[in-house]
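Structure data (PDB, C-alpha atoms and all ligand atoms) from query26.pdb:
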```pdb
ATOM      1  CA  MET N   1     110.479  92.478 102.188  1.00  0.00           C
ATOM      2  CA  ASP N   2     112.600  93.272  99.160  1.00  0.00           C
ATOM      3  CA  TYR N   3     110.064  94.692  96.761  1.00  0.00           C
ATOM      4  CA  TRP N   4     106.647  96.204  96.998  1.00  0.00           C
ATOM      5  CA  ILE N   5     103.827  97.249  94.754  1.00  0.00           C
ATOM      6  CA  THR N   6     100.504  98.906  95.372  1.00  0.00           C
ATOM      7  CA  GLY N   7      97.286  96.979  95.689  1.00  0.00           C
ATOM      8  CA  ASN N   8      95.439  99.758  93.836  1.00  0.00           C
ATOM      9  CA  CYS N   9      96.447  98.925  90.301  1.00  0.00           C
ATOM     10  CA  ASN N  10      94.741  97.032  87.515  1.00  0.00           C
ATOM     11  CA  PRO N  11      94.683  93.274  88.355  1.00  0.00           C
ATOM     12  CA  VAL N  12      96.087  92.356  84.930  1.00  0.00           C
ATOM     13  CA  ILE N  13      99.055  94.666  85.408  1.00  0.00           C
ATOM     14  CA  LEU N  14      99.444  93.450  88.965  1.00  0.00           C
ATOM     15  CA  ALA N  15      99.635  89.867  87.709  1.00  0.00           C
ATOM     16  CA  LYS N  16     102.345  90.822  85.235  1.00  0.00           C
ATOM     17  CA  LEU N  17     104.321  92.608  87.918  1.00  0.00           C
ATOM     18  CA  SER N  18     103.912  89.580  90.124  1.00  0.00           C
ATOM     19  CA  GLN N  19     105.421  87.398  87.369  1.00  0.00           C
ATOM     20  CA  ARG N  20     108.396  89.745  87.346  1.00  0.00           C
ATOM     21  CA  GLY N  21     108.949  89.212  91.046  1.00  0.00           C
ATOM     22  CA  PHE N  22     106.983  92.008  92.641  1.00  0.00           C
ATOM     23  CA  ALA N  23     104.880  91.388  95.698  1.00  0.00           C
ATOM     24  CA  ALA N  24     101.355  92.780  95.772  1.00  0.00           C
ATOM     25  CA  GLY N  25      99.303  94.376  98.434  1.00  0.00           C
ATOM     26  CA  VAL N  26     101.559  96.958 100.022  1.00  0.00           C
ATOM     27  CA  LYS N  27     100.779 100.542  99.186  1.00  0.00           C
ATOM     28  CA  VAL N  28     103.967 102.531  98.828  1.00  0.00           C
ATOM     29  CA  TRP N  29     103.045 105.216  96.298  1.00  0.00           C
ATOM     30  CA  ASP N  30     103.387 107.938  98.904  1.00  0.00           C
ATOM     31  CA  ALA N  31     106.966 106.888  99.444  1.00  0.00           C
ATOM     32  CA  GLY N  32     107.500 107.453  95.744  1.00  0.00           C
ATOM     33  CA  ALA N  33     109.318 104.233  95.081  1.00  0.00           C
ATOM     34  CA  VAL N  34     108.906 100.544  94.392  1.00  0.00           C
ATOM     35  CA  THR N  35     111.960  98.541  95.318  1.00  0.00           C
ATOM     36  CA  HIS N  36     113.400  95.378  93.806  1.00  0.00           C
ATOM     37  CA  PRO N  37     116.533  93.423  94.751  1.00  0.00           C
ATOM     38  CA  SER N  38     118.401  94.475  91.603  1.00  0.00           C
ATOM     39  CA  TYR N  39     116.546  97.562  90.470  1.00  0.00           C
ATOM     40  CA  GLN N  40     115.094 100.635  92.086  1.00  0.00           C
ATOM     41  CA  ILE N  41     111.894 101.695  90.345  1.00  0.00           C
ATOM     42  CA  SER N  42     110.928 105.192  91.373  1.00  0.00           C
ATOM     43  CA  TYR N  43     108.110 107.643  90.784  1.00  0.00           C
ATOM     44  CA  ASP N  44     109.981 110.414  92.570  1.00  0.00           C
ATOM     45  CA  VAL N  45     110.598 113.225  90.123  1.00  0.00           C
ATOM     46  CA  ALA N  46     112.953 114.945  92.559  1.00  0.00           C
ATOM     47  CA  ALA N  47     115.269 111.940  92.427  1.00  0.00           C
ATOM     48  CA  VAL N  48     115.713 111.952  88.649  1.00  0.00           C
ATOM     49  CA  PRO N  49     119.405 112.504  87.804  1.00  0.00           C
ATOM     50  CA  VAL N  50     118.978 115.245  85.223  1.00  0.00           C
ATOM     51  CA  PRO N  51     122.465 115.033  83.614  1.00  0.00           C
ATOM     52  CA  ARG N  52     122.046 111.275  83.114  1.00  0.00           C
ATOM     53  CA  LEU N  53     118.529 111.740  81.753  1.00  0.00           C
ATOM     54  CA  MET N  54     119.975 114.234  79.272  1.00  0.00           C
ATOM     55  CA  GLU N  55     122.405 111.511  78.175  1.00  0.00           C
ATOM     56  CA  LEU N  56     119.480 109.170  77.559  1.00  0.00           C
ATOM     57  CA  PHE N  57     117.640 111.896  75.649  1.00  0.00           C
ATOM     58  CA  ALA N  58     120.780 112.547  73.607  1.00  0.00           C
ATOM     59  CA  SER N  59     120.782 108.899  72.494  1.00  0.00           C
ATOM     60  CA  THR N  60     117.359 109.209  70.844  1.00  0.00           C
ATOM     61  CA  TRP N  61     116.360 110.660  67.485  1.00  0.00           C
ATOM     62  CA  TRP N  62     113.487 112.740  68.851  1.00  0.00           C
ATOM     63  CA  ALA N  63     114.927 114.171  72.095  1.00  0.00           C
ATOM     64  CA  ALA N  64     118.590 114.652  71.259  1.00  0.00           C
ATOM     65  CA  GLY N  65     118.600 118.443  71.400  1.00  0.00           C
ATOM     66  CA  ARG N  66     116.912 118.975  74.733  1.00  0.00           C
ATOM     67  CA  THR N  67     118.679 121.423  77.013  1.00  0.00           C
ATOM     68  CA  GLU N  68     118.927 121.154  80.790  1.00  0.00           C
ATOM     69  CA  THR N  69     116.331 123.907  81.166  1.00  0.00           C
ATOM     70  CA  GLN N  70     113.952 122.056  78.855  1.00  0.00           C
ATOM     71  CA  THR N  71     114.623 118.753  80.596  1.00  0.00           C
ATOM     72  CA  ARG N  72     113.825 120.247  83.998  1.00  0.00           C
ATOM     73  CA  ALA N  73     110.669 121.841  82.568  1.00  0.00           C
ATOM     74  CA  ILE N  74     109.606 118.499  81.079  1.00  0.00           C
ATOM     75  CA  LEU N  75     110.017 116.794  84.447  1.00  0.00           C
ATOM     76  CA  ALA N  76     108.150 119.537  86.275  1.00  0.00           C
ATOM     77  CA  GLY N  77     105.321 119.391  83.741  1.00  0.00           C
ATOM     78  CA  SER N  78     104.834 115.613  83.782  1.00  0.00           C
ATOM     79  CA  ASP N  79     102.169 113.962  85.917  1.00  0.00           C
ATOM     80  CA  VAL N  80     103.966 110.636  86.330  1.00  0.00           C
ATOM     81  CA  VAL N  81     107.692 109.998  85.987  1.00  0.00           C
ATOM     82  CA  VAL N  82     109.161 106.492  86.120  1.00  0.00           C
ATOM     83  CA  THR N  83     112.840 105.767  86.542  1.00  0.00           C
ATOM     84  CA  VAL N  84     114.603 102.421  86.785  1.00  0.00           C
ATOM     85  CA  VAL N  85     118.041 102.404  88.343  1.00  0.00           C
ATOM     86  CA  ARG N  86     120.221  99.305  88.373  1.00  0.00           C
ATOM     87  CA  ARG N  87     121.638  99.198  91.882  1.00  0.00           C
ATOM     88  CA  GLN N  88     125.045  97.824  91.016  1.00  0.00           C
ATOM     89  CA  SER N  89     126.017 100.025  88.099  1.00  0.00           C
ATOM     90  CA  THR N  90     123.993 102.155  85.703  1.00  0.00           C
ATOM     91  CA  PRO N  91     122.877 105.389  87.353  1.00  0.00           C
ATOM     92  CA  LEU N  92     119.698 105.602  85.260  1.00  0.00           C
ATOM     93  CA  ALA N  93     118.825 102.585  83.159  1.00  0.00           C
ATOM     94  CA  GLY N  94     115.244 103.314  82.164  1.00  0.00           C
ATOM     95  CA  PHE N  95     112.865 106.239  81.987  1.00  0.00           C
ATOM     96  CA  ALA N  96     109.341 107.156  80.931  1.00  0.00           C
ATOM     97  CA  ARG N  97     106.893 109.893  81.714  1.00  0.00           C
ATOM     98  CA  VAL N  98     103.131 110.378  81.453  1.00  0.00           C
ATOM     99  CA  LEU N  99     100.684 113.221  81.010  1.00  0.00           C
ATOM    100  CA  THR N 100      97.320 112.220  82.451  1.00  0.00           C
ATOM    101  CA  ASP N 101      93.964 113.713  83.428  1.00  0.00           C
ATOM    102  CA  ARG N 102      93.642 110.675  85.748  1.00  0.00           C
ATOM    103  CA  THR N 103      90.189 109.843  84.321  1.00  0.00           C
ATOM    104  CA  TYR N 104      89.866 109.619  80.533  1.00  0.00           C
ATOM    105  CA  LEU N 105      93.295 109.911  78.970  1.00  0.00           C
ATOM    106  CA  ALA N 106      96.945 109.280  79.762  1.00  0.00           C
ATOM    107  CA  VAL N 107      99.725 109.806  77.207  1.00  0.00           C
ATOM    108  CA  VAL N 108     102.977 107.892  77.624  1.00  0.00           C
ATOM    109  CA  LEU N 109     106.092 109.742  76.453  1.00  0.00           C
ATOM    110  CA  ASP N 110     109.876 109.334  76.238  1.00  0.00           C
ATOM    111  CA  VAL N 111     110.163 105.602  76.972  1.00  0.00           C
ATOM    112  CA  ILE N 112     113.927 105.063  76.922  1.00  0.00           C
ATOM    113  CA  VAL N 113     116.309 102.353  78.131  1.00  0.00           C
ATOM    114  CA  ALA N 114     120.074 102.989  78.172  1.00  0.00           C
ATOM    115  CA  ALA N 115     121.619 101.398  75.074  1.00  0.00           C
ATOM    116  CA  ASP N 116     124.027  99.181  77.022  1.00  0.00           C
ATOM    117  CA  VAL N 117     121.284  97.516  79.070  1.00  0.00           C
ATOM    118  CA  ARG N 118     118.588  96.979  76.451  1.00  0.00           C
ATOM    119  CA  GLY N 119     117.131  93.533  75.966  1.00  0.00           C
ATOM    120  CA  VAL N 120     117.262  92.440  79.612  1.00  0.00           C
ATOM    121  CA  GLY N 121     113.768  93.463  80.681  1.00  0.00           C
ATOM    122  CA  ILE N 122     114.196  97.052  81.841  1.00  0.00           C
ATOM    123  CA  GLY N 123     111.847  98.448  79.205  1.00  0.00           C
ATOM    124  CA  ALA N 124     109.226  95.993  80.408  1.00  0.00           C
ATOM    125  CA  MET N 125     109.764  97.131  84.000  1.00  0.00           C
ATOM    126  CA  VAL N 126     109.324 100.734  82.911  1.00  0.00           C
ATOM    127  CA  MET N 127     106.075  99.958  81.079  1.00  0.00           C
ATOM    128  CA  ASP N 128     104.763  97.767  83.915  1.00  0.00           C
ATOM    129  CA  ALA N 129     105.439 100.594  86.359  1.00  0.00           C
ATOM    130  CA  VAL N 130     103.879 103.204  84.077  1.00  0.00           C
ATOM    131  CA  LEU N 131     100.683 101.185  83.658  1.00  0.00           C
ATOM    132  CA  ALA N 132     100.519 100.198  87.326  1.00  0.00           C
ATOM    133  CA  HIS N 133     100.488 103.768  88.544  1.00  0.00           C
ATOM    134  CA  PRO N 134      96.999 104.682  89.790  1.00  0.00           C
ATOM    135  CA  TRP N 135      96.931 107.850  87.658  1.00  0.00           C
ATOM    136  CA  VAL N 136      97.352 105.627  84.595  1.00  0.00           C
ATOM    137  CA  ALA N 137      95.814 102.271  85.553  1.00  0.00           C
ATOM    138  CA  GLY N 138      92.353 103.736  86.047  1.00  0.00           C
ATOM    139  CA  VAL N 139      92.010 105.946  82.965  1.00  0.00           C
ATOM    140  CA  HIS N 140      89.821 104.968  80.023  1.00  0.00           C
ATOM    141  CA  SER N 141      92.523 105.286  77.343  1.00  0.00           C
ATOM    142  CA  VAL N 142      96.300 105.181  77.426  1.00  0.00           C
ATOM    143  CA  GLU N 143      97.942 106.441  74.243  1.00  0.00           C
ATOM    144  CA  LEU N 144     101.434 106.702  72.813  1.00  0.00           C
ATOM    145  CA  VAL N 145     103.149 107.382  69.514  1.00  0.00           C
ATOM    146  CA  CYS N 146     105.925 105.081  68.318  1.00  0.00           C
ATOM    147  CA  GLN N 147     107.882 104.043  65.261  1.00  0.00           C
ATOM    148  CA  PRO N 148     106.599 101.017  63.280  1.00  0.00           C
ATOM    149  CA  GLU N 149     109.362  98.719  64.579  1.00  0.00           C
ATOM    150  CA  LEU N 150     108.207  99.258  68.168  1.00  0.00           C
ATOM    151  CA  THR N 151     104.550  98.361  67.804  1.00  0.00           C
ATOM    152  CA  GLY N 152     105.324  94.760  68.804  1.00  0.00           C
ATOM    153  CA  PHE N 153     106.913  95.966  72.027  1.00  0.00           C
ATOM    154  CA  TYR N 154     103.849  97.972  73.081  1.00  0.00           C
ATOM    155  CA  GLU N 155     101.366  95.325  71.933  1.00  0.00           C
ATOM    156  CA  ARG N 156     102.574  93.288  74.917  1.00  0.00           C
ATOM    157  CA  TRP N 157     100.639  95.687  77.115  1.00  0.00           C
ATOM    158  CA  GLY N 158      97.514  95.754  74.979  1.00  0.00           C
ATOM    159  CA  PHE N 159      98.341  98.771  72.834  1.00  0.00           C
ATOM    160  CA  THR N 160      96.904  98.401  69.345  1.00  0.00           C
ATOM    161  CA  GLN N 161      96.951 100.194  66.020  1.00  0.00           C
ATOM    162  CA  ARG N 162      93.193  99.681  65.811  1.00  0.00           C
ATOM    163  CA  VAL N 163      92.049 103.238  66.461  1.00  0.00           C
ATOM    164  CA  GLY N 164      88.833 103.326  64.471  1.00  0.00           C
ATOM    165  CA  ARG N 165      88.582 106.390  62.252  1.00  0.00           C
ATOM    166  CA  SER N 166      91.001 108.332  64.467  1.00  0.00           C
ATOM    167  CA  ARG N 167      94.002 109.989  62.850  1.00  0.00           C
ATOM    168  CA  LEU N 168      97.038 111.412  64.573  1.00  0.00           C
ATOM    169  CA  MET N 169      97.275 115.122  63.852  1.00  0.00           C
ATOM    170  CA  ARG N 170     100.163 117.227  65.022  1.00  0.00           C
ATOM    171  CA  ARG N 171     101.113 120.908  64.999  1.00  0.00           C
ATOM    172  CA  THR N 172     104.838 121.067  65.623  1.00  0.00           C
ATOM    173  CA  ALA N 173     107.876 123.305  65.416  1.00  0.00           C
ATOM    174  CA  ASP N 174     110.080 120.172  65.385  1.00  0.00           C
ATOM    175  CA  ALA N 175     111.044 119.221  61.839  1.00  0.00           C
ATOM    176  CA  SER N 176     112.043 115.684  62.897  1.00  0.00           C
ATOM    177  CA  LEU N 177     108.424 115.036  63.901  1.00  0.00           C
ATOM    178  CA  ALA N 178     106.967 116.379  60.685  1.00  0.00           C
ATOM    179  CA  GLY N 179     108.839 114.410  58.002  1.00  0.00           C
ATOM    180  CA  GLU N 180     108.003 111.118  56.328  1.00  0.00           C
TER     181      GLU N 180
HETATM  182  C1  LIG E 201     112.103 100.222  73.141  1.00  0.00           C
HETATM  183  C2  LIG E 201     112.940 100.021  74.386  1.00  0.00           C
HETATM  184  C3  LIG E 201     112.439 100.975  75.466  1.00  0.00           C
HETATM  185  C4  LIG E 201     112.783  98.577  74.876  1.00  0.00           C
HETATM  186  O1  LIG E 201     113.490  98.447  76.088  1.00  0.00           O
HETATM  187  P1  LIG E 201     114.281  97.086  76.475  1.00  0.00           P
HETATM  188  O2  LIG E 201     114.753  97.204  77.864  1.00  0.00           O
HETATM  189  O3  LIG E 201     115.303  96.794  75.427  1.00  0.00           O
HETATM  190  O4  LIG E 201     113.102  96.019  76.349  1.00  0.00           O
HETATM  191  P2  LIG E 201     112.947  94.688  77.241  1.00  0.00           P
HETATM  192  O5  LIG E 201     114.270  94.011  77.327  1.00  0.00           O
HETATM  193  O6  LIG E 201     112.277  95.036  78.509  1.00  0.00           O
HETATM  194  O7  LIG E 201     111.951  93.874  76.338  1.00  0.00           O
HETATM  195  C5  LIG E 201     110.746  93.344  76.865  1.00  0.00           C
HETATM  196  C6  LIG E 201     110.170  92.388  75.860  1.00  0.00           C
HETATM  197  O8  LIG E 201     109.821  93.140  74.673  1.00  0.00           O
HETATM  198  C7  LIG E 201     110.489  92.564  73.539  1.00  0.00           C
HETATM  199  N1  LIG E 201     110.853  93.637  72.641  1.00  0.00           N
HETATM  200  C8  LIG E 201     111.822  94.553  72.811  1.00  0.00           C
HETATM  201  N2  LIG E 201     111.858  95.396  71.751  1.00  0.00           N
HETATM  202  C9  LIG E 201     110.899  94.945  70.899  1.00  0.00           C
HETATM  203  C10 LIG E 201     110.418  95.386  69.625  1.00  0.00           C
HETATM  204  N3  LIG E 201     110.951  96.434  68.983  1.00  0.00           N
HETATM  205  N4  LIG E 201     109.410  94.712  69.051  1.00  0.00           N
HETATM  206  C11 LIG E 201     108.848  93.648  69.656  1.00  0.00           C
HETATM  207  N5  LIG E 201     109.237  93.187  70.878  1.00  0.00           N
HETATM  208  C12 LIG E 201     110.252  93.836  71.472  1.00  0.00           C
HETATM  209  C13 LIG E 201     111.702  91.848  74.110  1.00  0.00           C
HETATM  210  O9  LIG E 201     112.131  90.830  73.261  1.00  0.00           O
HETATM  211  C14 LIG E 201     111.184  91.334  75.431  1.00  0.00           C
HETATM  212  O10 LIG E 201     110.489  90.136  75.208  1.00  0.00           O
HETATM  213  P3  LIG E 201     110.555  88.904  76.273  1.00  0.00           P
HETATM  214  O11 LIG E 201     109.929  89.426  77.543  1.00  0.00           O
HETATM  215  O12 LIG E 201     109.763  87.830  75.623  1.00  0.00           O
HETATM  216  O13 LIG E 201     112.005  88.608  76.440  1.00  0.00           O
HETATM  217  C15 LIG E 201     114.451 100.250  74.084  1.00  0.00           C
HETATM  218  O14 LIG E 201     114.835  99.448  72.986  1.00  0.00           O
HETATM  219  C16 LIG E 201     114.829 101.684  73.789  1.00  0.00           C
HETATM  220  O15 LIG E 201     115.061 102.484  74.692  1.00  0.00           O
HETATM  221  N6  LIG E 201     114.906 102.066  72.490  1.00  0.00           N
HETATM  222  C17 LIG E 201     115.375 103.389  72.086  1.00  0.00           C
HETATM  223  C18 LIG E 201     114.394 104.470  72.476  1.00  0.00           C
HETATM  224  C19 LIG E 201     113.037 104.271  71.835  1.00  0.00           C
HETATM  225  O16 LIG E 201     112.927 104.101  70.626  1.00  0.00           O
HETATM  226  N7  LIG E 201     111.995 104.294  72.694  1.00  0.00           N
HETATM  227  C20 LIG E 201     110.622 104.129  72.265  1.00  0.00           C
HETATM  228  C21 LIG E 201     109.951 105.453  72.072  1.00  0.00           C
HETATM  229  S1  LIG E 201     108.277 105.239  71.472  1.00  0.00           S
END
```

Kindly return the structure encoded in the file as structure tokens.
Amino acid sequence: MDYWITGNCNPVILAKLSQRGFAAGVKVWDAGAVTHPSYQISYDVAAVPVPRLMELFASTWWAAGRTETQTRAILAGSDVVVTVVRRQSTPLAGFARVLTDRTYLAVVLDVIVAADVRGVGIGAMVMDAVLAHPWVAGVHSVELVCQPELTGFYERWGFTQRVGRSRLMRRTADASLAGE
């Protein structure tokens, strides 16, 4: 079998993964990886190529200044890490991470696809894998913060700007997160 995915995840997410060519019903979370003929999708934090991840961070407006020490701390402090590696070329094509209490709330952070491979479905693979993980699929709420131009991307997975009377409040030392 070329590619595997757990049978534990949300049926809706499982159906989407199935459309993308994943086969259901084989539990491989303990192995830390879901494989695909062209891409390796991994949950193994130890396998994250830190220098390449720093390159991806450097390409973004919010994570450009992260040092290697900070990057390693971020990885160590995340509950779920997703990487997508294109077998033939790009060492790390896609990345995301999640903080989750595994019950009520999961927060998706740092969703990034390498600039030269955007628009070919890697971001969707990253999000499918994030939401399929049992520590995310079963929680009551999954939240993220994004720029206005990306709301359409996340709406594909059911994220909405309808948050009732909730307001995002932030206490930050990062000026780029505090401006207009
Ligand atoms: C946002 C990002 C992760 C998307 O990754 P990607 O690999 O280019 O996206 P995909 O190719 O998987 O796109 C999946 C689908 O979403 C659509 N999509 C992509 N970006 C979109 C956007 N901004 N708005 C609406 N739809 C979008 C695609 O058209 C595609 O649709 P299709 O399945 O009908 O073809 C990528 O552009 C990126 O890394 N941007 C810079 C970092 C960033 O801003 N990250 C978000 C932090 S909140």

Inset, instruction - Name the residues that the PyMOL selection byres (((chain N and resi 169-177) around 12) and not hetatm) picks from the file above, as a list of chain:residue names, using the file's chain letters and numbers. - result: N:Thr60, N:Trp61, N:Trp62, N:Ala63, N:Ala64, N:Gly65, N:Arg66, N:Val145, N:Cys146, N:Gln147, N:Ser166, N:Arg167, N:Leu168, N:Ala178, N:Gly179, N:Glu180

Inset, instruction - Please provide as a PyMOL selection string all residues within 12 Å of N:Phe57, with the sequence filter that same-chain residues fewer than 4 positions apart are discarded (counting only C-alpha atoms). - result: chain N and resi 50-53+61-68+70-71+74+92+94-96+109-115

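Take the candidates N:Val82, N:Leu75, N:Ala137, N:Leu56 and check each one against ligand LIG 201 (chain E) using only C-alpha atoms and all ligand atoms; the shortest distance goes to N:Leu56.
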
Inset, instruction - Please provide as JSON, numbers by chain all residues within 12 Å of N:Leu150, with the sequence filter that same-chain residues fewer than 5 positions apart are discarded (counting all atoms listed in the file). - result: {"N": [111, 112, 123, 144, 145, 155, 156, 159, 160, 161]}

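Of the residues under consideration (N:Arg87, N:Val120, N:His133, N:Val80), N:Val120 shows the shortest atom-to-atom contact distance to ligand LIG 201 (chain E) when counting all atoms listed in the file.
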
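From atom CA of N:Thr100 back to atom CA of N:Pro134, the distance works out to 10.5 Å.
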
N, CA and C atoms are what I want for stretch 37-64 of chain N; can you complete it accordingly and write them as a PDB file, in the frame of the given file?
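So the final result, stored in out_14.pdb, reads:
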```pdb
ATOM      1  N   PRO N  37     115.167  93.760  94.323  1.00  0.00           N
ATOM      2  CA  PRO N  37     116.533  93.423  94.751  1.00  0.00           C
ATOM      3  C   PRO N  37     117.610  93.998  93.836  1.00  0.00           C
ATOM      4  N   SER N  38     117.373  94.016  92.541  1.00  0.00           N
ATOM      5  CA  SER N  38     118.401  94.475  91.603  1.00  0.00           C
ATOM      6  C   SER N  38     118.151  95.873  91.064  1.00  0.00           C
ATOM      7  N   TYR N  39     116.905  96.283  91.082  1.00  0.00           N
ATOM      8  CA  TYR N  39     116.546  97.562  90.470  1.00  0.00           C
ATOM      9  C   TYR N  39     115.747  98.411  91.453  1.00  0.00           C
ATOM     10  N   GLN N  40     115.937  99.695  91.364  1.00  0.00           N
ATOM     11  CA  GLN N  40     115.094 100.635  92.086  1.00  0.00           C
ATOM     12  C   GLN N  40     114.160 101.272  91.060  1.00  0.00           C
ATOM     13  N   ILE N  41     112.871 101.079  91.237  1.00  0.00           N
ATOM     14  CA  ILE N  41     111.894 101.695  90.345  1.00  0.00           C
ATOM     15  C   ILE N  41     111.240 102.824  91.113  1.00  0.00           C
ATOM     16  N   SER N  42     111.351 104.031  90.601  1.00  0.00           N
ATOM     17  CA  SER N  42     110.928 105.192  91.373  1.00  0.00           C
ATOM     18  C   SER N  42     109.947 106.061  90.607  1.00  0.00           C
ATOM     19  N   TYR N  43     109.025 106.651  91.345  1.00  0.00           N
ATOM     20  CA  TYR N  43     108.110 107.643  90.784  1.00  0.00           C
ATOM     21  C   TYR N  43     108.454 109.043  91.296  1.00  0.00           C
ATOM     22  N   ASP N  44     109.600 109.167  91.911  1.00  0.00           N
ATOM     23  CA  ASP N  44     109.981 110.414  92.570  1.00  0.00           C
ATOM     24  C   ASP N  44     110.705 111.319  91.585  1.00  0.00           C
ATOM     25  N   VAL N  45     110.018 112.343  91.134  1.00  0.00           N
ATOM     26  CA  VAL N  45     110.598 113.225  90.123  1.00  0.00           C
ATOM     27  C   VAL N  45     111.825 113.962  90.679  1.00  0.00           C
ATOM     28  N   ALA N  46     111.823 114.212  91.964  1.00  0.00           N
ATOM     29  CA  ALA N  46     112.953 114.945  92.559  1.00  0.00           C
ATOM     30  C   ALA N  46     114.238 114.128  92.531  1.00  0.00           C
ATOM     31  N   ALA N  47     114.085 112.807  92.402  1.00  0.00           N
ATOM     32  CA  ALA N  47     115.269 111.940  92.427  1.00  0.00           C
ATOM     33  C   ALA N  47     115.837 111.667  91.037  1.00  0.00           C
ATOM     34  N   VAL N  48     115.221 112.225  90.007  1.00  0.00           N
ATOM     35  CA  VAL N  48     115.713 111.952  88.649  1.00  0.00           C
ATOM     36  C   VAL N  48     117.063 112.635  88.447  1.00  0.00           C
ATOM     37  N   PRO N  49     118.102 111.881  88.070  1.00  0.00           N
ATOM     38  CA  PRO N  49     119.405 112.504  87.804  1.00  0.00           C
ATOM     39  C   PRO N  49     119.386 113.195  86.436  1.00  0.00           C
ATOM     40  N   VAL N  50     119.208 114.500  86.467  1.00  0.00           N
ATOM     41  CA  VAL N  50     118.978 115.245  85.223  1.00  0.00           C
ATOM     42  C   VAL N  50     120.122 115.095  84.213  1.00  0.00           C
ATOM     43  N   PRO N  51     121.404 115.201  84.621  1.00  0.00           N
ATOM     44  CA  PRO N  51     122.465 115.033  83.614  1.00  0.00           C
ATOM     45  C   PRO N  51     122.423 113.669  82.927  1.00  0.00           C
ATOM     46  N   ARG N  52     122.130 112.617  83.693  1.00  0.00           N
ATOM     47  CA  ARG N  52     122.046 111.275  83.114  1.00  0.00           C
ATOM     48  C   ARG N  52     120.815 111.150  82.201  1.00  0.00           C
ATOM     49  N   LEU N  53     119.709 111.762  82.623  1.00  0.00           N
ATOM     50  CA  LEU N  53     118.529 111.740  81.753  1.00  0.00           C
ATOM     51  C   LEU N  53     118.831 112.446  80.439  1.00  0.00           C
ATOM     52  N   MET N  54     119.598 113.528  80.507  1.00  0.00           N
ATOM     53  CA  MET N  54     119.975 114.234  79.272  1.00  0.00           C
ATOM     54  C   MET N  54     120.820 113.326  78.375  1.00  0.00           C
ATOM     55  N   GLU N  55     121.635 112.479  78.980  1.00  0.00           N
ATOM     56  CA  GLU N  55     122.405 111.511  78.175  1.00  0.00           C
ATOM     57  C   GLU N  55     121.459 110.535  77.467  1.00  0.00           C
ATOM     58  N   LEU N  56     120.453 110.075  78.195  1.00  0.00           N
ATOM     59  CA  LEU N  56     119.480 109.170  77.559  1.00  0.00           C
ATOM     60  C   LEU N  56     118.737 109.897  76.442  1.00  0.00           C
ATOM     61  N   PHE N  57     118.311 111.119  76.697  1.00  0.00           N
ATOM     62  CA  PHE N  57     117.640 111.896  75.649  1.00  0.00           C
ATOM     63  C   PHE N  57     118.558 112.040  74.433  1.00  0.00           C
ATOM     64  N   ALA N  58     119.833 112.308  74.703  1.00  0.00           N
ATOM     65  CA  ALA N  58     120.780 112.547  73.607  1.00  0.00           C
ATOM     66  C   ALA N  58     120.946 111.315  72.722  1.00  0.00           C
ATOM     67  N   SER N  59     120.615 110.136  73.263  1.00  0.00           N
ATOM     68  CA  SER N  59     120.782 108.899  72.494  1.00  0.00           C
ATOM     69  C   SER N  59     119.587 108.631  71.576  1.00  0.00           C
ATOM     70  N   THR N  60     118.554 109.463  71.653  1.00  0.00           N
ATOM     71  CA  THR N  60     117.359 109.209  70.844  1.00  0.00           C
ATOM     72  C   THR N  60     117.287 110.167  69.654  1.00  0.00           C
ATOM     73  N   TRP N  61     116.488 109.798  68.670  1.00  0.00           N
ATOM     74  CA  TRP N  61     116.360 110.660  67.485  1.00  0.00           C
ATOM     75  C   TRP N  61     115.421 111.830  67.731  1.00  0.00           C
ATOM     76  N   TRP N  62     114.502 111.693  68.688  1.00  0.00           N
ATOM     77  CA  TRP N  62     113.487 112.740  68.851  1.00  0.00           C
ATOM     78  C   TRP N  62     113.790 113.710  69.997  1.00  0.00           C
ATOM     79  N   ALA N  63     114.713 113.326  70.910  1.00  0.00           N
ATOM     80  CA  ALA N  63     114.927 114.171  72.095  1.00  0.00           C
ATOM     81  C   ALA N  63     116.377 114.621  72.228  1.00  0.00           C
ATOM     82  N   ALA N  64     117.149 114.445  71.159  1.00  0.00           N
ATOM     83  CA  ALA N  64     118.590 114.652  71.259  1.00  0.00           C
ATOM     84  C   ALA N  64     118.975 116.085  71.607  1.00  0.00           C
TER      85      ALA N  64
END
```
